[in-house]
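> The file below is query39.pdb, PDB, C-alpha atoms, pLDDT in the B column:
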MODEL        1
ATOM      1  CA  MET A   4      -3.091  -3.902 -13.809  1.00 82.00           C
ATOM      2  CA  ASP A   5      -6.647  -3.060 -14.757  1.00 88.00           C
ATOM      3  CA  LYS A   6      -9.249  -1.132 -12.769  1.00 90.00           C
ATOM      4  CA  ALA A   7     -10.956  -4.271 -11.475  1.00 94.00           C
ATOM      5  CA  ALA A   8      -7.666  -5.651 -10.138  1.00 95.00           C
ATOM      6  CA  TYR A   9      -6.911  -2.407  -8.302  1.00 96.00           C
ATOM      7  CA  HIS A  10     -10.417  -2.381  -6.820  1.00 95.00           C
ATOM      8  CA  LYS A  11     -10.019  -5.990  -5.726  1.00 96.00           C
ATOM      9  CA  ARG A  12      -6.665  -5.201  -4.097  1.00 96.00           C
ATOM     10  CA  TRP A  13      -8.146  -2.171  -2.321  1.00 97.00           C
ATOM     11  CA  ASP A  14     -11.150  -4.188  -1.136  1.00 96.00           C
ATOM     12  CA  GLN A  15      -8.915  -6.919   0.306  1.00 96.00           C
ATOM     13  CA  LEU A  16      -6.774  -4.379   2.150  1.00 96.00           C
ATOM     14  CA  GLU A  17      -9.810  -2.478   3.412  1.00 94.00           C
ATOM     15  CA  GLN A  18     -11.390  -5.689   4.665  1.00 92.00           C
ATOM     16  CA  MET A  19      -8.210  -6.533   6.601  1.00 93.00           C
ATOM     17  CA  GLN A  20      -8.179  -3.032   8.100  1.00 92.00           C
ATOM     18  CA  ARG A  21     -11.882  -3.269   9.013  1.00 87.00           C
ATOM     19  CA  GLU A  22     -11.284  -6.587  10.759  1.00 88.00           C
ATOM     20  CA  TYR A  23      -8.237  -5.206  12.550  1.00 87.00           C
ATOM     21  CA  SER A  24     -10.262  -2.156  13.646  1.00 83.00           C
ATOM     22  CA  ASN A  25     -13.412  -4.175  14.437  1.00 80.00           C
ATOM     23  CA  LEU A  26     -15.427  -2.003  12.042  1.00 74.00           C
ATOM     24  CA  PRO A  27     -18.539  -3.356  10.326  1.00 72.00           C
ATOM     25  CA  GLU A  28     -18.894  -3.509   6.540  1.00 69.00           C
ATOM     26  CA  SER A  29     -21.150  -0.446   6.550  1.00 66.00           C
ATOM     27  CA  GLY A  30     -23.039   1.894   8.841  1.00 62.00           C
ATOM     28  CA  VAL A  31     -19.991   3.069  10.745  1.00 62.00           C
ATOM     29  CA  GLU A  32     -20.988   5.818  13.141  1.00 69.00           C
ATOM     30  CA  ASN A  33     -17.526   6.404  14.554  1.00 76.00           C
ATOM     31  CA  LEU A  34     -16.132   8.693  11.859  1.00 82.00           C
ATOM     32  CA  GLU A  35     -12.732   8.936  13.539  1.00 86.00           C
ATOM     33  CA  ALA A  36     -12.322   5.147  13.390  1.00 85.00           C
ATOM     34  CA  LEU A  37     -13.552   5.101   9.792  1.00 86.00           C
ATOM     35  CA  HIS A  38     -11.066   7.798   8.777  1.00 90.00           C
ATOM     36  CA  LYS A  39      -8.192   6.021  10.505  1.00 91.00           C
ATOM     37  CA  MET A  40      -9.130   2.756   8.759  1.00 91.00           C
ATOM     38  CA  LEU A  41      -9.249   4.490   5.355  1.00 94.00           C
ATOM     39  CA  VAL A  42      -5.880   6.193   5.874  1.00 96.00           C
ATOM     40  CA  ASN A  43      -4.325   2.872   6.898  1.00 95.00           C
ATOM     41  CA  THR A  44      -5.900   1.155   3.887  1.00 96.00           C
ATOM     42  CA  PHE A  45      -4.441   3.783   1.574  1.00 97.00           C
ATOM     43  CA  ARG A  46      -0.980   3.367   3.087  1.00 97.00           C
ATOM     44  CA  GLU A  47      -1.192  -0.403   2.643  1.00 97.00           C
ATOM     45  CA  PHE A  48      -2.415   0.172  -0.932  1.00 98.00           C
ATOM     46  CA  VAL A  49       0.669   2.281  -1.693  1.00 98.00           C
ATOM     47  CA  VAL A  50       2.910  -0.503  -0.349  1.00 98.00           C
ATOM     48  CA  ALA A  51       0.996  -3.083  -2.420  1.00 98.00           C
ATOM     49  CA  CYS A  52       1.316  -0.992  -5.602  1.00 98.00           C
ATOM     50  CA  TYR A  53       5.013  -0.425  -4.869  1.00 98.00           C
ATOM     51  CA  CYS A  54       5.469  -4.186  -4.553  1.00 97.00           C
ATOM     52  CA  ASP A  55       3.558  -4.798  -7.789  1.00 96.00           C
ATOM     53  CA  HIS A  56       5.821  -2.296  -9.568  1.00 96.00           C
ATOM     54  CA  TRP A  57       9.030  -3.931  -8.376  1.00 97.00           C
ATOM     55  CA  ARG A  58       7.669  -7.455  -8.913  1.00 95.00           C
ATOM     56  CA  ASP A  59       7.174  -6.526 -12.573  1.00 94.00           C
ATOM     57  CA  ALA A  60      10.616  -4.888 -12.751  1.00 94.00           C
ATOM     58  CA  TYR A  61      12.292  -8.009 -11.325  1.00 94.00           C
ATOM     59  CA  ARG A  62      10.220 -10.463 -13.379  1.00 91.00           C
ATOM     60  CA  GLY A  63      13.313 -11.606 -15.293  1.00 88.00           C
ATOM     61  CA  ALA A  64      15.298 -12.304 -12.135  1.00 86.00           C
ATOM     62  CA  ALA A  65      16.295 -15.837 -11.264  1.00 80.00           C
ATOM     63  CA  PHE A  66      14.197 -15.806  -8.080  1.00 85.00           C
ATOM     64  CA  PRO A  67      10.421 -15.561  -7.955  1.00 88.00           C
ATOM     65  CA  LEU A  68       9.015 -12.740  -5.845  1.00 94.00           C
ATOM     66  CA  ASP A  69       5.586 -14.193  -5.212  1.00 93.00           C
ATOM     67  CA  SER A  70       4.572 -12.212  -2.144  1.00 96.00           C
ATOM     68  CA  ASP A  71       4.756  -8.550  -1.243  1.00 97.00           C
ATOM     69  CA  ARG A  72       7.074  -9.554   1.592  1.00 97.00           C
ATOM     70  CA  ASP A  73       9.477 -11.148  -0.926  1.00 96.00           C
ATOM     71  CA  VAL A  74       9.553  -7.862  -2.848  1.00 97.00           C
ATOM     72  CA  LEU A  75      10.133  -5.811   0.315  1.00 98.00           C
ATOM     73  CA  ILE A  76      13.023  -8.105   1.255  1.00 97.00           C
ATOM     74  CA  ALA A  77      14.594  -7.769  -2.198  1.00 97.00           C
ATOM     75  CA  ARG A  78      14.219  -3.973  -2.162  1.00 97.00           C
ATOM     76  CA  ALA A  79      15.635  -3.673   1.375  1.00 98.00           C
ATOM     77  CA  ILE A  80      18.654  -5.784   0.386  1.00 97.00           C
ATOM     78  CA  LYS A  81      19.191  -3.565  -2.677  1.00 96.00           C
ATOM     79  CA  ALA A  82      18.605  -0.240  -0.910  1.00 97.00           C
ATOM     80  CA  HIS A  83      20.546  -0.946   2.279  1.00 97.00           C
ATOM     81  CA  HIS A  84      23.067  -3.562   1.130  1.00 97.00           C
ATOM     82  CA  TRP A  85      21.800  -5.898   3.827  1.00 97.00           C
ATOM     83  CA  THR A  86      22.384  -9.619   3.741  1.00 97.00           C
ATOM     84  CA  PRO A  87      19.314 -11.751   3.102  1.00 96.00           C
ATOM     85  CA  GLY A  88      19.491 -12.977   6.698  1.00 97.00           C
ATOM     86  CA  ILE A  89      19.137  -9.471   8.069  1.00 97.00           C
ATOM     87  CA  ALA A  90      16.303  -8.563   5.715  1.00 97.00           C
ATOM     88  CA  THR A  91      14.340 -11.764   6.321  1.00 97.00           C
ATOM     89  CA  SER A  92      14.598 -11.323  10.091  1.00 98.00           C
ATOM     90  CA  LEU A  93      12.528  -8.125   9.895  1.00 98.00           C
ATOM     91  CA  SER A  94       8.749  -7.914   9.874  1.00 97.00           C
ATOM     92  CA  SER A  95       6.982  -6.672   6.759  1.00 96.00           C
ATOM     93  CA  TYR A  96       6.183  -3.455   8.613  1.00 96.00           C
ATOM     94  CA  ASP A  97       9.864  -2.940   9.471  1.00 98.00           C
ATOM     95  CA  LEU A  98      10.897  -3.672   5.888  1.00 98.00           C
ATOM     96  CA  ALA A  99       8.410  -1.098   4.573  1.00 97.00           C
ATOM     97  CA  LEU A 100       9.599   1.375   7.198  1.00 97.00           C
ATOM     98  CA  SER A 101      13.188   0.855   6.043  1.00 98.00           C
ATOM     99  CA  LEU A 102      12.015   1.823   2.536  1.00 98.00           C
ATOM    100  CA  ILE A 103      10.072   4.897   3.648  1.00 97.00           C
ATOM    101  CA  ASP A 104      11.983   7.280   1.371  1.00 97.00           C
ATOM    102  CA  GLU A 105      11.110   5.176  -1.679  1.00 97.00           C
ATOM    103  CA  LEU A 106       7.507   4.734  -0.556  1.00 97.00           C
ATOM    104  CA  ALA A 107       7.046   8.444   0.161  1.00 96.00           C
ATOM    105  CA  THR A 108       8.005   9.363  -3.395  1.00 95.00           C
ATOM    106  CA  PHE A 109       6.505   6.348  -5.167  1.00 98.00           C
ATOM    107  CA  THR A 110       4.254   7.353  -8.069  1.00 98.00           C
ATOM    108  CA  LEU A 111       1.043   5.379  -8.359  1.00 98.00           C
ATOM    109  CA  THR A 112      -0.298   4.494 -11.779  1.00 97.00           C
ATOM    110  CA  GLU A 113      -3.142   6.620 -13.078  1.00 97.00           C
ATOM    111  CA  MET A 114      -5.617   3.822 -12.398  1.00 97.00           C
ATOM    112  CA  ALA A 115      -4.342   3.316  -8.836  1.00 97.00           C
ATOM    113  CA  VAL A 116      -4.758   7.060  -8.206  1.00 97.00           C
ATOM    114  CA  HIS A 117      -8.304   6.881  -9.595  1.00 96.00           C
ATOM    115  CA  VAL A 118      -9.190   3.931  -7.345  1.00 97.00           C
ATOM    116  CA  SER A 119      -7.703   5.758  -4.351  1.00 97.00           C
ATOM    117  CA  TYR A 120      -9.776   8.858  -4.981  1.00 96.00           C
ATOM    118  CA  MET A 121     -12.915   6.748  -5.371  1.00 95.00           C
ATOM    119  CA  ASN A 122     -12.344   4.882  -2.115  1.00 95.00           C
ATOM    120  CA  LEU A 123     -11.315   7.821   0.076  1.00 96.00           C
ATOM    121  CA  GLN A 124     -14.434   9.931  -0.477  1.00 93.00           C
ATOM    122  CA  ALA A 125     -15.508   9.495   3.169  1.00 88.00           C
ATOM    123  CA  LEU A 126     -12.510  11.600   4.208  1.00 92.00           C
ATOM    124  CA  PRO A 127     -12.607  15.394   4.024  1.00 93.00           C
ATOM    125  CA  LYS A 128     -11.416  16.477   0.575  1.00 94.00           C
ATOM    126  CA  ALA A 129      -8.270  18.180   1.888  1.00 95.00           C
ATOM    127  CA  ASP A 130      -7.325  15.025   3.800  1.00 94.00           C
ATOM    128  CA  TYR A 131      -7.621  12.618   0.889  1.00 94.00           C
ATOM    129  CA  GLN A 132      -5.905  15.025  -1.472  1.00 96.00           C
ATOM    130  CA  ALA A 133      -2.997  15.366   0.973  1.00 96.00           C
ATOM    131  CA  LEU A 134      -2.654  11.575   1.047  1.00 96.00           C
ATOM    132  CA  ILE A 135      -2.849  10.990  -2.690  1.00 97.00           C
ATOM    133  CA  GLN A 136      -1.136  14.005  -4.262  1.00 97.00           C
ATOM    134  CA  PRO A 137       2.448  13.031  -3.290  1.00 96.00           C
ATOM    135  CA  HIS A 138       1.890   9.795  -5.216  1.00 97.00           C
ATOM    136  CA  GLU A 139       0.499  11.315  -8.433  1.00 96.00           C
TER     137      GLU A 139
ENDMDL
END
Give the structure from the file, written as structure tokens.


Amino acid sequence: MDKAAYHKRWDQLEQMQREYSNLPESGVENLEALHKMLVNTFREFVVACYCDHWRDAYRGAAFPLDSDRDVLIARAIKAHHWTPGIATSLSSYDLALSLIDELATFTLTEMAVHVSYMNLQALPKADYQALIQPHE
């Protein structure tokens, strides 16, 4: 994925987090809310990159994995030996939570790390480094 695609993905996730948090596009005075939104955006970005990685890895499979949820279901079935019925009954959040060990150690591509650093500059340096470094 190129830099523009990563930026687009980040922007989409940030916009969803801003809407969820009722934060405006700019001029946020509540720094605590802004920081929380950025941390949540980064976490969603890691999940999205994880799904992109496994979507590419499973490209030759007989079943299309069009959405991130499809990828999370496939990974949960593989990791936990669940039946498809069990995996599909869970929310996307619960599926990601069930894969927390994989997500915690997932290595982002160099470009995804770069985009993360660029977009987390509103956080204190130690905070954004603590978020990103486990994924480098």

> Starting from the displayed file, determine the output of the PyMOL selection byres ((chain A and resi 10) around 10) and express the residue list as a PDB file with C-alpha atoms, keeping the file's coordinate frame.


ATOM      1  CA  ASP A   5      -6.647  -3.060 -14.757  1.00 88.00           C
ATOM      2  CA  LYS A   6      -9.249  -1.132 -12.769  1.00 90.00           C
ATOM      3  CA  ALA A   7     -10.956  -4.271 -11.475  1.00 94.00           C
ATOM      4  CA  ALA A   8      -7.666  -5.651 -10.138  1.00 95.00           C
ATOM      5  CA  TYR A   9      -6.911  -2.407  -8.302  1.00 96.00           C
ATOM      6  CA  LYS A  11     -10.019  -5.990  -5.726  1.00 96.00           C
ATOM      7  CA  ARG A  12      -6.665  -5.201  -4.097  1.00 96.00           C
ATOM      8  CA  TRP A  13      -8.146  -2.171  -2.321  1.00 97.00           C
ATOM      9  CA  ASP A  14     -11.150  -4.188  -1.136  1.00 96.00           C
ATOM     10  CA  GLN A  15      -8.915  -6.919   0.306  1.00 96.00           C
ATOM     11  CA  LEU A  16      -6.774  -4.379   2.150  1.00 96.00           C
ATOM     12  CA  MET A 114      -5.617   3.822 -12.398  1.00 97.00           C
ATOM     13  CA  ALA A 115      -4.342   3.316  -8.836  1.00 97.00           C
ATOM     14  CA  HIS A 117      -8.304   6.881  -9.595  1.00 96.00           C
ATOM     15  CA  VAL A 118      -9.190   3.931  -7.345  1.00 97.00           C
ATOM     16  CA  SER A 119      -7.703   5.758  -4.351  1.00 97.00           C
ATOM     17  CA  MET A 121     -12.915   6.748  -5.371  1.00 95.00           C
ATOM     18  CA  ASN A 122     -12.344   4.882  -2.115  1.00 95.00           C
TER      19      ASN A 122
END

> Taking the file as shown, what set of residues would the PyMOL selection byres ((chain A and resi 105-107) around 12) give back, as a PyMOL selection string?

chain A and resi 46-54+56-57+75+78-79+81-83+98-104+108-111+134-139

> Fewer than 6 positions away in the same chain doesn't count, so skip those; otherwise give me all residues within 10 Å of segment 58-61 of chain A, counting all atoms listed in the file, as a tab-separated table (two decimals) with C-alpha atoms, in the frame of the given file.


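Printed below is out.tsv as written:
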chain	number	residue	atom	x	y	z
A	52	CYS	CA	1.32	-0.99	-5.60
A	67	PRO	CA	10.42	-15.56	-7.96
A	68	LEU	CA	9.02	-12.74	-5.84
A	69	ASP	CA	5.59	-14.19	-5.21
A	70	SER	CA	4.57	-12.21	-2.14
A	71	ASP	CA	4.76	-8.55	-1.24
A	73	ASP	CA	9.48	-11.15	-0.93
A	74	VAL	CA	9.55	-7.86	-2.85
A	75	LEU	CA	10.13	-5.81	0.32
A	77	ALA	CA	14.59	-7.77	-2.20

> With distances taken over all atoms listed in the file, which of A:Leu26, A:Leu41, A:Met4, A:Leu34 is nearest to Gln124 of chain A?

A:Leu41

> Can you work out the spacing between atom CA of Arg21 of chain A and atom CA of Leu93 of chain A in Å, to one decimal?

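According to the coordinates, atom CA of Arg21 of chain A and atom CA of Leu93 of chain A are separated by 24.9 Å.
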
> What is the distance between atom CA of His84 of chain A and atom CA of Ala65 of chain A, in Å to one decimal?

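Separation between atom CA of His84 of chain A and atom CA of Ala65 of chain A: 18.7 Å.
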
> Give the answer as one residue: which of A:Asp55, A:Met40, A:Thr86, A:Ile80 has the shortest atom-to-atom distance to Ala125 of chain A, using only C-alpha atoms?

A:Met40

> Give me, please, the distance in Å between atom CA of Gly88 of chain A and atom CA of Tyr23 of chain A, quoted to one decimal.

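Computing it gives 29.4 Å between the two atoms.
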
> Leaving out Leu126 of chain A and any residue of its chain fewer than 2 positions from it, which residues lie within 10 Å of it when counting all atoms listed in the file, given as a list in words?

Leu34, Glu35, Leu37, His38, Lys39, Leu41, Val42, Tyr120, Asn122, Leu123, Gln124, Lys128, Ala129, Asp130, Tyr131 and Gln132 of chain A

> Taking into account only C-alpha atoms, which residue in the set A:Glu113, A:Ala36, A:Ile76, A:Phe66 is nearest to Tyr96 of chain A?

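So, comparing all the options, the nearest one is A:Ile76.
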
> Could you work out an axis-aligned box for segment 94-97 of chain A, taking every atom the file lists and adding 3 Å on each side, and report centre and edge lengths in Å to one decimal, as lines of an AutoDock Vina configuration file?


center_x = 8.0
center_y = -5.4
center_z = 8.3
size_x = 9.7
size_y = 11.0
size_z = 9.1
